[in-house]
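Structure file model.cif; described as mmCIF, C-alpha atoms.
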data_final
loop_
_atom_site.label_atom_id
_atom_site.label_comp_id
_atom_site.auth_asym_id
_atom_site.auth_seq_id
_atom_site.Cartn_x
_atom_site.Cartn_y
_atom_site.Cartn_z
CA VAL C 510 -7.70 -54.04 16.57
CA MET C 511 -4.12 -53.87 17.87
CA ALA C 512 -2.84 -54.38 14.33
CA VAL C 513 -4.96 -51.48 13.07
CA SER C 514 -3.81 -49.24 15.95
CA THR C 515 -0.18 -50.15 15.31
CA ALA C 516 -0.54 -49.41 11.60
CA THR C 517 -2.18 -46.06 12.35
CA ALA C 518 0.58 -45.15 14.79
CA LEU C 519 3.26 -46.11 12.28
CA THR C 520 1.56 -44.04 9.58
CA GLY C 521 1.48 -41.05 11.93
CA LEU C 522 5.15 -41.44 12.82
CA MET C 523 6.09 -41.72 9.16
CA GLY C 524 4.14 -38.53 8.44
CA ILE C 525 5.97 -36.67 11.19
CA ALA C 526 9.31 -38.00 9.96
CA LEU C 527 8.58 -36.88 6.38
CA LEU C 528 7.53 -33.43 7.62
CA THR C 529 10.75 -33.13 9.62
CA ILE C 530 12.82 -34.14 6.59
CA ARG C 531 11.03 -31.57 4.42
CA GLN C 532 11.59 -28.82 7.00
CA ARG C 533 15.30 -29.65 7.24
CA LYS C 534 15.61 -29.62 3.46
CA ARG C 535 13.78 -26.31 3.32
CA ARG C 536 16.12 -24.80 5.91
CA ARG C 537 19.23 -26.06 4.11
CA THR C 538 17.95 -24.60 0.84
CA ALA C 539 17.22 -21.26 2.54
CA LEU C 540 20.73 -21.11 4.00
CA ARG C 541 22.32 -22.02 0.67
CA ARG C 542 20.34 -19.36 -1.19
CA ARG C 543 20.76 -16.83 1.63
CA PHE C 544 16.99 -16.38 1.79
CA ASN C 545 15.91 -13.12 3.43
CA PRO C 546 12.17 -12.36 3.25
CA TYR C 547 12.15 -8.93 4.85
CA VAL C 548 11.56 -5.78 2.80
CA SER C 549 13.37 -2.50 3.43
CA GLY C 550 12.71 0.83 1.72
CA GLU C 551 9.84 -0.38 -0.46
CA PRO C 552 6.09 -0.71 0.10
CA VAL C 553 4.88 -4.14 1.18
CA THR C 554 2.81 -5.62 -1.63
CA THR C 555 2.31 -9.26 -0.58
CA GLN C 556 -0.32 -10.53 1.85
CA GLU C 557 2.33 -12.65 3.58
CA MET C 558 4.22 -9.52 4.71
CA PHE C 559 1.21 -7.34 5.54
CA PHE C 560 0.65 -7.22 9.29
CA GLY C 561 -1.44 -5.28 11.77
CA ARG C 562 -3.52 -3.22 9.34
CA HIS C 563 -6.41 -5.52 8.47
CA ASP C 564 -8.86 -3.84 10.86
CA THR C 565 -7.99 -0.43 9.42
CA LEU C 566 -8.39 -1.79 5.90
CA ALA C 567 -11.84 -3.19 6.73
CA ARG C 568 -12.89 0.12 8.27
CA ILE C 569 -11.85 2.01 5.14
CA VAL C 570 -13.71 -0.38 2.83
CA ASP C 571 -16.89 -0.10 4.91
CA THR C 572 -16.70 3.70 4.80
CA LEU C 573 -16.07 3.88 1.05
CA HIS C 574 -19.64 3.01 0.14
CA GLU C 575 -20.75 6.58 0.84
CA ASN C 576 -17.73 8.57 2.02
CA SER C 577 -14.12 9.38 1.25
CA ILE C 578 -11.12 8.84 3.54
CA MET C 579 -8.05 10.86 4.50
CA ILE C 580 -5.21 8.78 5.99
CA HIS C 581 -2.49 10.66 7.82
CA GLY C 582 0.56 9.46 9.69
CA GLU C 583 4.29 10.02 9.95
CA ARG C 584 6.55 9.22 7.03
CA ARG C 585 7.24 5.52 6.42
CA ILE C 586 4.55 4.34 8.82
CA GLY C 587 2.98 2.14 6.12
CA LYS C 588 0.54 4.43 4.29
CA THR C 589 1.58 3.40 0.78
CA SER C 590 1.51 -0.29 1.70
CA LEU C 591 -2.00 0.16 3.07
CA LEU C 592 -3.14 1.95 -0.11
CA LEU C 593 -1.73 -0.76 -2.36
CA HIS C 594 -3.47 -3.47 -0.36
CA LEU C 595 -6.67 -1.44 -0.55
CA VAL C 596 -6.39 -1.49 -4.35
CA GLU C 597 -6.05 -5.27 -4.37
CA HIS C 598 -8.89 -5.68 -1.89
CA LEU C 599 -11.25 -3.55 -3.99
CA HIS C 600 -10.28 -5.47 -7.13
CA THR C 601 -11.49 -8.70 -5.54
CA ALA C 602 -14.32 -7.35 -3.39
CA HIS C 603 -17.64 -9.16 -3.79
CA ASP C 604 -19.86 -6.27 -2.82
CA SER C 605 -23.58 -6.82 -3.32
CA GLU C 606 -24.28 -3.19 -4.25
CA PHE C 607 -21.13 -1.60 -5.71
CA MET C 608 -18.56 -2.41 -8.36
CA PHE C 609 -15.49 -0.62 -7.10
CA VAL C 610 -12.92 0.59 -9.63
CA PRO C 611 -9.78 1.55 -7.67
CA VAL C 612 -7.29 3.92 -9.30
CA TYR C 613 -3.94 4.35 -7.54
CA VAL C 614 -2.24 7.70 -8.21
CA ASP C 615 1.17 8.68 -6.83
CA LEU C 616 1.09 12.48 -6.70
CA GLU C 617 4.71 12.96 -5.68
CA GLY C 618 6.26 15.64 -7.88
CA THR C 619 2.96 16.53 -9.59
CA MET C 620 2.45 20.23 -10.32
CA ASP C 621 -1.03 21.70 -9.87
CA ASP C 622 -1.59 22.20 -13.60
CA GLU C 623 -0.81 18.50 -14.13
CA LEU C 624 -3.19 17.14 -11.49
CA PHE C 625 -6.14 16.29 -13.70
CA SER C 626 -3.92 14.86 -16.44
CA ILE C 627 -2.17 12.47 -14.10
CA MET C 628 -5.45 11.35 -12.50
CA MET C 629 -6.95 10.60 -15.91
CA GLU C 630 -3.76 8.90 -17.09
CA GLU C 631 -3.93 6.45 -14.19
CA THR C 632 -7.69 5.98 -14.61
CA ILE C 633 -7.23 5.04 -18.26
CA GLY C 634 -4.47 2.63 -17.24
CA CYS C 635 -6.99 0.70 -15.11
CA LEU C 636 -9.67 0.38 -17.79
CA PRO C 637 -8.42 -2.78 -19.61
CA ARG C 638 -9.44 -4.72 -16.52
CA TYR C 639 -13.07 -3.66 -17.04
CA LEU C 640 -13.56 -2.62 -20.67
CA PRO C 641 -12.70 -4.41 -23.95
CA SER C 642 -11.31 -1.22 -25.48
CA ILE C 643 -10.28 2.28 -24.44
CA PRO C 644 -12.81 4.93 -25.50
CA ALA C 645 -11.84 8.08 -27.39
CA LEU C 646 -11.39 10.78 -24.77
CA ARG C 647 -10.54 14.46 -24.58
CA TYR C 648 -7.42 13.41 -22.69
CA HIS C 649 -5.94 12.06 -25.92
CA GLN C 650 -6.47 15.35 -27.76
CA ILE C 651 -5.32 18.00 -25.29
CA ALA C 652 -1.83 19.00 -24.15
CA TRP C 653 -0.77 17.70 -20.74
CA THR C 654 -0.86 21.00 -18.84
CA GLU C 655 -3.99 22.27 -20.63
CA TYR C 656 -6.14 19.34 -19.53
CA ASP C 657 -8.25 20.84 -16.73
CA HIS C 658 -11.07 19.86 -14.37
CA ARG C 659 -13.71 20.35 -17.06
CA GLU C 660 -11.98 17.97 -19.46
CA PHE C 661 -11.46 15.50 -16.63
CA SER C 662 -15.17 15.62 -15.76
CA ARG C 663 -16.22 15.04 -19.36
CA ASP C 664 -13.90 12.07 -19.74
CA LEU C 665 -14.86 10.57 -16.40
CA ASP C 666 -18.52 10.85 -17.33
CA SER C 667 -17.86 8.91 -20.55
CA ILE C 668 -15.91 6.26 -18.65
CA LEU C 669 -18.60 5.85 -16.00
CA GLU C 670 -21.25 5.43 -18.70
CA LEU C 671 -19.27 2.61 -20.33
CA LEU C 672 -18.52 0.93 -16.99
CA ALA C 673 -22.21 1.02 -16.08
CA GLN C 674 -22.96 -1.11 -19.14
CA THR C 675 -20.79 -3.94 -17.77
CA THR C 676 -22.63 -4.54 -14.48
CA ARG C 677 -25.97 -4.26 -12.73
CA LYS C 678 -24.23 -2.87 -9.68
CA THR C 679 -23.57 0.79 -8.97
CA VAL C 680 -20.16 1.76 -10.33
CA ARG C 681 -17.95 3.68 -7.90
CA VAL C 682 -14.53 4.82 -9.08
CA VAL C 683 -12.21 5.27 -6.11
CA LEU C 684 -9.23 7.57 -6.62
CA ILE C 685 -6.49 6.43 -4.25
CA LEU C 686 -4.20 9.45 -4.03
CA ASP C 687 -0.80 8.92 -2.41
CA GLU C 688 1.56 11.72 -1.32
CA MET C 689 -1.39 14.09 -0.98
CA ASP C 690 0.85 16.58 0.86
CA VAL C 691 1.61 18.02 -2.57
CA MET C 692 -1.83 19.69 -2.39
CA ASN C 693 -0.28 22.08 0.16
CA THR C 694 1.57 23.74 -2.74
CA TYR C 695 -1.41 24.00 -5.11
CA GLN C 696 -3.36 27.13 -5.88
CA PRO C 697 -6.67 27.35 -3.95
CA VAL C 698 -8.56 27.34 -7.26
CA THR C 699 -7.12 23.90 -8.11
CA GLN C 700 -8.13 22.58 -4.70
CA GLN C 701 -11.66 23.90 -5.17
CA GLN C 702 -11.91 22.40 -8.65
CA LEU C 703 -11.05 19.01 -7.20
CA ARG C 704 -13.61 19.44 -4.44
CA ARG C 705 -16.29 20.42 -6.96
CA ILE C 706 -15.74 17.22 -8.93
CA PHE C 707 -16.33 15.10 -5.84
CA MET C 708 -19.17 17.11 -4.33
CA ARG C 709 -21.31 18.15 -7.26
CA THR C 710 -20.45 16.37 -10.47
CA PHE C 711 -19.86 12.80 -9.29
CA ALA C 712 -21.02 12.76 -5.69
CA TYR C 713 -22.29 9.17 -5.87
CA SER C 714 -20.02 7.68 -8.53
CA LEU C 715 -16.63 8.91 -7.33
CA GLY C 716 -14.89 8.38 -4.01
CA ALA C 717 -11.36 8.93 -2.79
CA VAL C 718 -8.81 7.68 -0.31
CA VAL C 719 -5.98 10.17 0.13
CA ALA C 720 -2.84 9.79 2.23
CA GLY C 721 -0.16 12.17 3.41
CA VAL C 722 2.15 13.10 6.26
CA ASN C 723 1.12 16.67 6.94
CA ILE C 724 -1.83 17.75 4.83
CA SER C 725 -2.28 21.46 5.49
CA LYS C 726 -5.64 22.67 6.78
CA SER C 727 -4.95 26.38 6.58
CA TRP C 728 -7.78 28.00 4.63
CA ASP C 729 -8.71 31.66 4.22
CA ARG C 730 -11.44 31.49 1.58
CA VAL C 731 -15.23 31.70 1.83
CA GLU C 732 -15.79 28.31 0.18
CA SER C 733 -15.68 25.12 2.20
CA PRO C 734 -12.13 23.65 2.07
CA TRP C 735 -11.42 20.57 -0.01
CA TYR C 736 -10.35 18.49 2.98
CA ASN C 737 -13.83 18.72 4.56
CA LEU C 738 -14.81 15.97 2.14
CA PHE C 739 -12.97 13.31 4.07
CA ASN C 740 -13.34 11.14 7.13
CA GLU C 741 -9.95 11.08 8.83
CA VAL C 742 -8.04 7.93 9.74
CA ALA C 743 -4.82 8.25 11.75
CA LEU C 744 -2.27 5.54 10.96
CA GLY C 745 -0.02 4.94 13.95
CA PRO C 746 2.61 2.36 14.95
CA LEU C 747 1.80 -1.34 14.98
CA SER C 748 0.66 -2.97 18.20
CA ASP C 749 3.21 -5.11 20.04
CA GLU C 750 1.35 -8.23 18.92
CA ALA C 751 1.42 -7.17 15.25
CA ALA C 752 5.09 -6.17 15.53
CA ARG C 753 6.00 -9.61 16.85
CA GLU C 754 3.96 -11.20 14.07
CA LEU C 755 5.94 -9.21 11.50
CA ILE C 756 9.19 -10.42 13.08
CA LEU C 757 8.27 -14.09 13.38
CA GLU C 758 5.91 -15.06 10.56
CA PRO C 759 8.12 -14.40 7.49
CA VAL C 760 10.73 -16.93 8.69
CA ARG C 761 8.47 -19.43 10.45
CA GLY C 762 9.51 -22.97 9.58
CA ILE C 763 12.72 -21.69 7.93
CA TYR C 764 14.81 -19.90 10.56
CA GLN C 765 14.54 -19.65 14.31
CA ILE C 766 14.59 -16.45 16.34
CA ALA C 767 15.52 -16.40 20.01
CA PRO C 768 12.66 -14.98 22.14
CA GLU C 769 14.98 -12.34 23.60
CA ALA C 770 15.93 -11.26 20.06
CA VAL C 771 12.25 -10.86 19.19
CA SER C 772 11.68 -8.69 22.27
CA TYR C 773 14.79 -6.61 21.53
CA ILE C 774 13.78 -5.88 17.94
CA ALA C 775 10.17 -5.08 18.91
CA LEU C 776 11.33 -2.74 21.68
CA HIS C 777 13.71 -0.72 19.54
CA ALA C 778 11.47 -0.51 16.45
CA ARG C 779 8.66 1.05 18.51
CA GLY C 780 5.99 -0.43 16.26
CA LYS C 781 7.28 1.26 13.12
CA PRO C 782 7.02 -1.20 10.22
CA TYR C 783 10.04 0.01 8.27
CA LEU C 784 12.28 -0.17 11.37
CA LEU C 785 11.04 -3.68 12.09
CA GLN C 786 11.77 -4.74 8.51
CA GLN C 787 15.22 -3.12 8.47
CA HIS C 788 16.22 -4.60 11.81
CA CYS C 789 15.05 -8.10 10.86
CA MET C 790 16.71 -7.93 7.46
CA GLU C 791 20.05 -6.95 8.97
CA ALA C 792 19.78 -9.60 11.70
CA VAL C 793 19.11 -12.31 9.10
CA ASN C 794 22.14 -11.17 7.09
CA LEU C 795 24.35 -11.43 10.19
CA MET C 796 22.96 -14.89 10.99
CA LEU C 797 23.61 -16.07 7.43
CA ALA C 798 27.14 -14.68 7.49
CA ALA C 799 27.79 -16.79 10.59
CA GLY C 800 26.39 -19.91 8.90
CA ARG C 801 23.57 -20.35 11.41
CA ASN C 802 19.82 -20.78 11.08
CA LYS C 803 18.92 -19.06 14.36
CA ILE C 804 18.90 -15.32 15.04
CA THR C 805 20.39 -14.60 18.44
CA LEU C 806 20.17 -11.60 20.74
CA SER C 807 23.74 -10.80 19.70
CA ASP C 808 22.62 -10.65 16.05
CA ALA C 809 19.78 -8.30 16.97
CA ARG C 810 22.08 -6.01 18.97
CA ARG C 811 24.76 -5.87 16.30
CA ALA C 812 22.14 -5.27 13.60
CA LEU C 813 20.87 -2.21 15.46
CA VAL C 814 24.39 -0.80 15.80
CA ASP C 815 25.05 -1.34 12.08
CA LEU C 816 21.76 0.33 11.14
CA GLN C 817 22.50 3.34 13.33
CA ARG C 818 25.83 3.79 11.56
CA GLN C 819 24.23 3.84 8.15
CA ARG C 820 23.19 7.20 6.77
CA PRO C 821 20.12 7.24 4.55
CA PRO C 822 20.85 8.54 1.04
CA LYS C 823 19.53 11.97 0.20
CA ALA C 824 16.56 11.63 -2.08
CA HIS C 825 16.53 13.84 -5.16
CA ARG C 826 12.89 14.72 -5.68
CA LEU C 827 11.95 15.42 -9.29
CA THR C 828 8.74 16.91 -10.55
CA ARG C 829 6.80 15.11 -13.24
CA ARG C 830 7.36 18.12 -15.46
CA SER C 831 11.13 17.69 -15.24
CA LEU C 832 10.71 14.11 -16.47
CA ARG C 833 8.16 14.75 -19.23
CA PRO C 834 8.36 17.24 -22.10
CA GLN C 835 5.61 19.81 -21.65
CA GLY C 836 2.49 19.17 -23.69
CA THR C 837 3.17 15.47 -24.28
CA LYS C 838 1.25 12.40 -23.17
CA LEU C 839 2.63 9.03 -22.24
#
Rewrite the structure from the file as structure tokens, please.
Amino acid sequence: VMAVSTATALTGLMGIALLTIRQRKRRRTALRRRFNPYVSGEPVTTQEMFFGRHDTLARIVDTLHENSIMIHGERRIGKTSLLLHLVEHLHTAHDSEFMFVPVYVDLEGTMDDELFSIMMEETIGCLPRYLPSIPALRYHQIAWTEYDHREFSRDLDSILELLAQTTRKTVRVVLILDEMDVMNTYQPVTQQQLRRIFMRTFAYSLGAVVAGVNISKSWDRVESPWYNLFNEVALGPLSDEAARELILEPVRGIYQIAPEAVSYIALHARGKPYLLQQHCMEAVNLMLAAGRNKITLSDARRALVDLQRQRPPKAHRLTRRSLRPQGTKL
């Protein structure tokens, strides 16, 4: 019995030793390659870097069976990241009743007479995942700015009919419209045409999740406004727990972070994901420059000073029309 116990103990110790050796090797490799997992200025697309929004994501998915969603929140609070994770979630959802077909559309720079063209363009781009071939559509025959809500409805009807042949479930196309603030600049007639598509033509087969910073609700027409279609979801800062997760998890087992550095970063980022990512990225860079594998409070403080000195570049916003010859299709 003692021999068995001794052998078991030795096996356990050897396992711990091997794990320690692997961790040290991993840390040395990370230092040599200057590994920095944090993302700054871009949407978060990986599950490993997606923190604090899973409850919101689940709420949206539950609501999508019968309703549409409007997400609003300040700029760079994580709306686009949430939308992209929603797309991936719907792709892999094992829903007993619905087959969801998510279509992500970035509306930034889209003029109102291009709205239905861009929505159909992105819808067609998703079809190879579900259909063996792309059907002949009105979209392929009509100039970009002449493709209107009627043509969109005809094409969507054809697409839904083909999708229905691939499953016994109810097909529900979900338009995931990012940068929906652009609707503030559209003619009321365009807004009403969009509403009509959701409310009358495809009430059961088409849903939407839209996101924006400041979607205008000023309305002076008799008809019900387009935004009345949506259940609203406010996207605010991350909780302190989620913020600390975002700081710690990406480097767990690779680098160390002093507890006071974690608290300092969380305090100054105020739960804003992009500030957390920027601060952590800069702190890791400072740590690597010093040849260490532990982020100190000094690194966190200096990183904040460096970030405050940096001036964000001025973004030059282009319309889709300025990038695409009028009347052409990509």
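For Val719 of chain C, the list of residues within 6 Å, based on only C-alpha atoms and with local chain neighbours fewer than 2 positions off taken out, reads Met579, Ile685, Leu686 and Asp687 of chain C.
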Run the PyMOL selection byres ((chain C and resi 743) around 9) on the file and write out the hits as a PDB file with C-alpha atoms, in the coordinates of the input.
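Contents of the output file expr.pdb:
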ATOM      1  CA  MET C 579      -8.050  10.860   4.500  1.00  0.00           C
ATOM      2  CA  ILE C 580      -5.210   8.780   5.990  1.00  0.00           C
ATOM      3  CA  HIS C 581      -2.490  10.660   7.820  1.00  0.00           C
ATOM      4  CA  GLY C 582       0.560   9.460   9.690  1.00  0.00           C
ATOM      5  CA  GLU C 741      -9.950  11.080   8.830  1.00  0.00           C
ATOM      6  CA  VAL C 742      -8.040   7.930   9.740  1.00  0.00           C
ATOM      7  CA  LEU C 744      -2.270   5.540  10.960  1.00  0.00           C
ATOM      8  CA  GLY C 745      -0.020   4.940  13.950  1.00  0.00           C
TER       9      GLY C 745
END
Under the PyMOL selection byres ((chain C and resi 585-590) around 7), which residues of this model are included? Write them out as an mmCIF file with C-alpha atoms, in the frame of the given file.
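Ended up saving to selection-v2.cif:
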data_model
loop_
_atom_site.group_PDB
_atom_site.id
_atom_site.type_symbol
_atom_site.label_atom_id
_atom_site.label_comp_id
_atom_site.auth_asym_id
_atom_site.auth_seq_id
_atom_site.Cartn_x
_atom_site.Cartn_y
_atom_site.Cartn_z
ATOM 1 C CA PRO C 552 6.090 -0.710 0.100
ATOM 2 C CA VAL C 553 4.880 -4.140 1.180
ATOM 3 C CA THR C 554 2.810 -5.620 -1.630
ATOM 4 C CA GLY C 582 0.560 9.460 9.690
ATOM 5 C CA GLU C 583 4.290 10.020 9.950
ATOM 6 C CA ARG C 584 6.550 9.220 7.030
ATOM 7 C CA LEU C 591 -2.000 0.160 3.070
ATOM 8 C CA LEU C 592 -3.140 1.950 -0.110
ATOM 9 C CA LEU C 593 -1.730 -0.760 -2.360
ATOM 10 C CA HIS C 594 -3.470 -3.470 -0.360
ATOM 11 C CA ASP C 687 -0.800 8.920 -2.410
ATOM 12 C CA ALA C 720 -2.840 9.790 2.230
ATOM 13 C CA GLY C 745 -0.020 4.940 13.950
ATOM 14 C CA PRO C 746 2.610 2.360 14.950
ATOM 15 C CA LYS C 781 7.280 1.260 13.120
ATOM 16 C CA PRO C 782 7.020 -1.200 10.220
ATOM 17 C CA TYR C 783 10.040 0.010 8.270
#
Any idea what the distance is between atom CA of Ile627 of chain C and atom CA of Glu606 of chain C? 28.8 Å
Which one is closest to Asp604 of chain C: C:Ala770, C:Ile633, C:Val570, C:Ile763? Count only C-alpha atoms. C:Val570
With only C-alpha atoms as the atoms that count, which of C:Tyr764, C:Tyr547, C:Tyr773, C:Trp653 lies nearest to Met796 of chain C? C:Tyr764
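Closest approach to Ala751 of chain C among C:Met628, C:Val722, C:Leu785, C:Met689 is made by C:Leu785 (distances from all atoms listed in the file).
If you look at atom CA of Tyr695 of chain C and atom CA of Glu623 of chain C, they are 10.6 Å away from each other.
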Have a look at C:Pro644, C:Pro637, C:Gly716, C:Gly618 and name the one nearest to Asp690 of chain C; count only C-alpha atoms. C:Gly618
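Our summary of the geometry notes that atom CA of Thr805 of chain C is positioned 11.0 Å from atom CA of Ile774 of chain C.
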Counting all atoms listed in the file, closest pick from C:Ala798, C:Leu672, C:Leu684, C:Leu640 relative to Asp615 of chain C is C:Leu684
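Closest approach to Phe609 of chain C from the set C:Asn802, C:Thr694, C:Thr679, C:Asn737 is made by C:Thr679, with distances taken over all atoms listed in the file.
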Give me the residues within 6 Å of segment 713-715 of chain C as JSON, numbers by chain, counting all atoms listed in the file and dropping any in the same chain fewer than 6 places off. {"C": [681, 682, 683]}
Could you save those same residues with C-alpha atoms as an mmCIF file, keeping the file's coordinate frame?
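What follows is the written file again-v6.cif:
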data_model
loop_
_atom_site.group_PDB
_atom_site.id
_atom_site.type_symbol
_atom_site.label_atom_id
_atom_site.label_comp_id
_atom_site.auth_asym_id
_atom_site.auth_seq_id
_atom_site.Cartn_x
_atom_site.Cartn_y
_atom_site.Cartn_z
ATOM 1 C CA ARG C 681 -17.950 3.680 -7.900
ATOM 2 C CA VAL C 682 -14.530 4.820 -9.080
ATOM 3 C CA VAL C 683 -12.210 5.270 -6.110
#
Can you list, as a PyMOL selection string, the residues that the PyMOL selection byres ((chain C and resi 655-659) around 8) selects here? chain C and resi 622-623+625-626+648+651-654+660-663+702-703+706+836
Write a file of the selected residues as a PDB file, in the coordinates of the input, keeping C-alpha atoms.
ATOM      1  CA  ASP C 622      -1.590  22.200 -13.600  1.00  0.00           C
ATOM      2  CA  GLU C 623      -0.810  18.500 -14.130  1.00  0.00           C
ATOM      3  CA  PHE C 625      -6.140  16.290 -13.700  1.00  0.00           C
ATOM      4  CA  SER C 626      -3.920  14.860 -16.440  1.00  0.00           C
ATOM      5  CA  TYR C 648      -7.420  13.410 -22.690  1.00  0.00           C
ATOM      6  CA  ILE C 651      -5.320  18.000 -25.290  1.00  0.00           C
ATOM      7  CA  ALA C 652      -1.830  19.000 -24.150  1.00  0.00           C
ATOM      8  CA  TRP C 653      -0.770  17.700 -20.740  1.00  0.00           C
ATOM      9  CA  THR C 654      -0.860  21.000 -18.840  1.00  0.00           C
ATOM     10  CA  GLU C 660     -11.980  17.970 -19.460  1.00  0.00           C
ATOM     11  CA  PHE C 661     -11.460  15.500 -16.630  1.00  0.00           C
ATOM     12  CA  SER C 662     -15.170  15.620 -15.760  1.00  0.00           C
ATOM     13  CA  ARG C 663     -16.220  15.040 -19.360  1.00  0.00           C
ATOM     14  CA  GLN C 702     -11.910  22.400  -8.650  1.00  0.00           C
ATOM     15  CA  LEU C 703     -11.050  19.010  -7.200  1.00  0.00           C
ATOM     16  CA  ILE C 706     -15.740  17.220  -8.930  1.00  0.00           C
ATOM     17  CA  GLY C 836       2.490  19.170 -23.690  1.00  0.00           C
TER      18      GLY C 836
END
Which centre and edge lengths in Å to one decimal define the box along x, y and z that fits every listed atom of segment 559-578 of chain C plus 5 Å per side, as lines of an AutoDock Vina configuration file?
center_x = -9.8
center_y = 1.0
center_z = 6.0
size_x = 32.0
size_y = 26.7
size_z = 21.6
